[in-house]
>>> print(open('run-v8.txt').read())   # compact mmCIF, C-alpha atoms
# COMPACT_ATOMS: atom_id res chain seq x y z
CA VAL Z 112 71.08 60.74 19.42
CA GLN Z 113 72.35 58.27 22.01
CA LEU Z 114 70.00 57.04 24.71
CA GLN Z 115 71.18 55.60 28.00
CA ALA Z 116 68.61 53.80 30.14
CA SER Z 117 69.26 53.09 33.80
CA GLY Z 118 67.52 52.39 37.07
CA GLY Z 119 66.65 48.74 36.64
CA GLY Z 120 67.25 46.16 39.31
CA LEU Z 121 65.74 43.49 41.51
CA VAL Z 122 62.66 44.41 43.50
CA GLN Z 123 59.98 42.50 45.38
CA ALA Z 124 56.41 42.42 44.16
CA GLY Z 125 54.60 45.54 45.27
CA GLY Z 126 57.77 47.61 45.19
CA SER Z 127 58.77 50.55 43.03
CA LEU Z 128 61.52 51.54 40.65
CA ARG Z 129 62.21 54.64 38.60
CA LEU Z 130 63.87 54.23 35.24
CA SER Z 131 65.73 57.08 33.60
CA CYS Z 132 66.65 57.60 29.98
CA VAL Z 133 69.27 60.25 29.35
CA ALA Z 134 69.82 61.48 25.82
CA SER Z 135 73.06 62.83 24.44
CA GLY Z 136 74.19 64.08 21.08
CA ARG Z 137 71.32 66.50 20.62
CA THR Z 138 68.30 67.78 22.46
CA ILE Z 139 65.22 65.56 22.51
CA SER Z 140 62.87 68.39 23.40
CA SER Z 141 61.09 68.06 20.04
CA TYR Z 142 60.98 64.26 20.10
CA ALA Z 143 58.23 62.03 21.38
CA MET Z 144 59.62 59.37 23.69
CA GLY Z 145 58.56 55.87 24.52
CA TRP Z 146 59.31 52.96 26.81
CA PHE Z 147 59.07 49.39 25.61
CA ARG Z 148 59.89 46.11 27.31
CA GLN Z 149 60.81 42.59 26.34
CA ALA Z 150 60.26 39.70 28.68
CA PRO Z 151 62.18 36.43 28.27
CA GLY Z 152 60.82 34.45 25.35
CA LYS Z 153 58.40 37.19 24.33
CA GLU Z 154 58.29 39.94 21.76
CA ARG Z 155 59.01 43.51 22.67
CA GLU Z 156 55.89 45.40 23.67
CA PHE Z 157 54.80 48.98 24.20
CA VAL Z 158 54.72 50.24 27.79
CA ALA Z 159 54.29 54.01 27.74
CA ALA Z 160 54.88 57.10 25.60
CA ILE Z 161 54.94 60.84 26.02
CA SER Z 162 54.63 63.65 23.50
CA TRP Z 163 57.40 66.18 22.98
CA SER Z 164 55.72 68.70 25.26
CA GLY Z 165 54.64 66.21 27.88
CA GLY Z 166 51.05 67.17 27.27
CA ALA Z 167 50.03 63.73 26.07
CA THR Z 168 50.86 60.42 27.71
CA TYR Z 169 49.81 56.90 26.80
CA TYR Z 170 50.04 53.58 28.59
CA ALA Z 171 49.57 49.93 27.87
CA ASP Z 172 46.53 48.55 29.66
CA SER Z 173 48.76 46.24 31.68
CA VAL Z 174 50.56 49.15 33.38
CA LYS Z 175 47.88 51.83 33.44
CA GLY Z 176 47.43 53.22 36.93
CA ARG Z 177 50.77 51.80 38.12
CA PHE Z 178 53.36 53.38 35.82
CA THR Z 179 53.92 57.06 35.07
CA ILE Z 180 55.99 58.45 32.22
CA SER Z 181 57.41 61.95 32.47
CA ARG Z 182 60.12 64.08 30.95
CA ASP Z 183 62.45 66.90 31.85
CA ASN Z 184 63.52 68.54 28.61
CA ALA Z 185 65.98 70.78 30.43
CA LYS Z 186 67.82 67.62 31.52
CA ASN Z 187 67.26 65.79 28.23
CA THR Z 188 65.79 62.96 30.27
CA VAL Z 189 62.68 60.81 30.30
CA TYR Z 190 61.51 58.83 33.31
CA LEU Z 191 59.33 55.84 33.97
CA GLN Z 192 58.06 55.61 37.53
CA MET Z 193 56.91 52.05 38.20
CA ASN Z 194 54.81 51.33 41.27
CA SER Z 195 53.02 48.23 42.52
CA LEU Z 196 55.34 46.07 40.48
CA LYS Z 197 54.30 42.55 39.61
CA PRO Z 198 56.38 39.52 38.62
CA GLU Z 199 54.93 39.83 35.11
CA ASP Z 200 56.63 43.22 34.81
CA THR Z 201 59.98 41.43 34.70
CA ALA Z 202 61.66 42.40 31.43
CA VAL Z 203 64.38 44.42 29.79
CA TYR Z 204 63.08 47.96 29.46
CA TYR Z 205 64.09 50.09 26.49
CA CYS Z 206 63.63 53.79 25.90
CA ALA Z 207 63.19 55.10 22.38
CA ALA Z 208 62.95 58.44 20.61
CA ASP Z 209 60.62 59.37 17.78
CA ALA Z 210 62.11 62.22 15.77
CA LEU Z 211 58.75 63.08 14.23
CA GLY Z 212 57.61 64.65 17.44
CA SER Z 213 54.83 66.64 15.83
CA ASP Z 214 52.65 63.54 15.47
CA SER Z 215 51.75 62.48 18.98
CA ARG Z 216 48.86 60.18 18.23
CA TYR Z 217 48.64 57.03 20.30
CA SER Z 218 48.45 54.94 17.14
CA ARG Z 219 51.90 56.19 16.23
CA LEU Z 220 53.62 56.26 19.60
CA ARG Z 221 52.71 52.67 20.43
CA SER Z 222 54.38 51.41 17.23
CA GLU Z 223 58.00 50.52 17.89
CA GLU Z 224 58.88 50.43 14.21
CA LEU Z 225 58.35 54.20 13.97
CA TYR Z 226 60.97 55.08 16.59
CA ASP Z 227 64.29 56.31 15.30
CA TYR Z 228 66.64 55.84 18.24
CA TRP Z 229 66.87 53.18 20.94
CA GLY Z 230 68.71 52.81 24.20
CA GLN Z 231 70.50 49.65 25.27
CA GLY Z 232 67.92 48.50 27.80
CA THR Z 233 67.86 48.07 31.55
CA LEU Z 234 66.77 44.87 33.29
CA VAL Z 235 63.92 44.92 35.77
CA THR Z 236 63.34 41.78 37.81
CA VAL Z 237 60.34 41.52 40.12
CA SER Z 238 60.36 38.66 42.58
CA SER Z 239 57.20 37.16 44.03
>>> encode(input="run-v8.txt", output="structure tokens")
Amino acid sequence: VQLQASGGGLVQAGGSLRLSCVASGRTISSYAMGWFRQAPGKEREFVAAISWSGGATYYADSVKGRFTISRDNAKNTVYLQMNSLKPEDTAVYYCAADALGSDSRYSRLRSEELYDYWGQGTLVTVSS
């Protein structure tokens, strides 16, 4: 599975961006998907995750209420809608796929080491 993240860019605080993650090579309809981010000088952290069906979604406390993860299995694509962006959201955002889609517990989907495939990242810069 190859994952291609896009949609990053420069935006002012309070603005919005929508990230997309398109999968190729095989269908991801049975995979749980996640978004992670890494800010300069910091470790990569969990942002959001969605179960294979889309029935379960999880968010880091820092983005809850501002970000929305969704998926379109027919398009083999996962999205991250980011609203009310803050300068502290500045980071490279990565999408990832968890092939063990049957286990959609939050404790699993927030753990980056359990993801099997990663995209290359897309840079989001939020200016104050």
>>> residues_around(input="run-v8.txt", residues="Gln115 in chain Z", least_positions_apart="6", cutoff="12 Å", atoms="all atoms listed in the file", output="list in words")
Leu130, Ser131, Cys132, Val133, Ala134, Ser135, Gly136, Asn187, Thr188, Val189, Tyr190, Tyr204, Tyr205, Cys206, Ala207, Ala208, Tyr228, Trp229, Gly230, Gln231, Gly232 and Thr233 of chain Z
>>> atom_distance(input="run-v8.txt", atom1="CA of Thr138 in chain Z", atom2="CA of Leu114 in chain Z")
11.1 Å
>>> closest_residue(input="run-v8.txt", among="Z:Trp146, Z:Ser127, Z:Pro151, Z:Gly118", to="Thr201 in chain Z", atoms="all atoms listed in the file")
Z:Pro151
>>> atom_distance(input="run-v8.txt", atom1="CA of Asp183 in chain Z", atom2="CA of Ala116 in chain Z")
14.6 Å
>>> atom_distance(input="run-v8.txt", atom1="CA of Lys153 in chain Z", atom2="CA of Ala124 in chain Z")
20.6 Å
>>> closest_residue(input="run-v8.txt", among="Z:Val203, Z:Ala150, Z:Ile139, Z:Val158", to="Asp227 in chain Z", atoms="all atoms listed in the file")
Z:Ile139
>>> residues_near_point(input="run-v8.txt", point="(63.0, 52.5, 43.5)", cutoff="9 Å", atoms="all atoms listed in the file", output="list of chain:residue names")
Z:Gly118, Z:Gly119, Z:Gly120, Z:Val122, Z:Gly126, Z:Ser127, Z:Leu128, Z:Arg129, Z:Leu130, Z:Gln192, Z:Met193, Z:Asn194
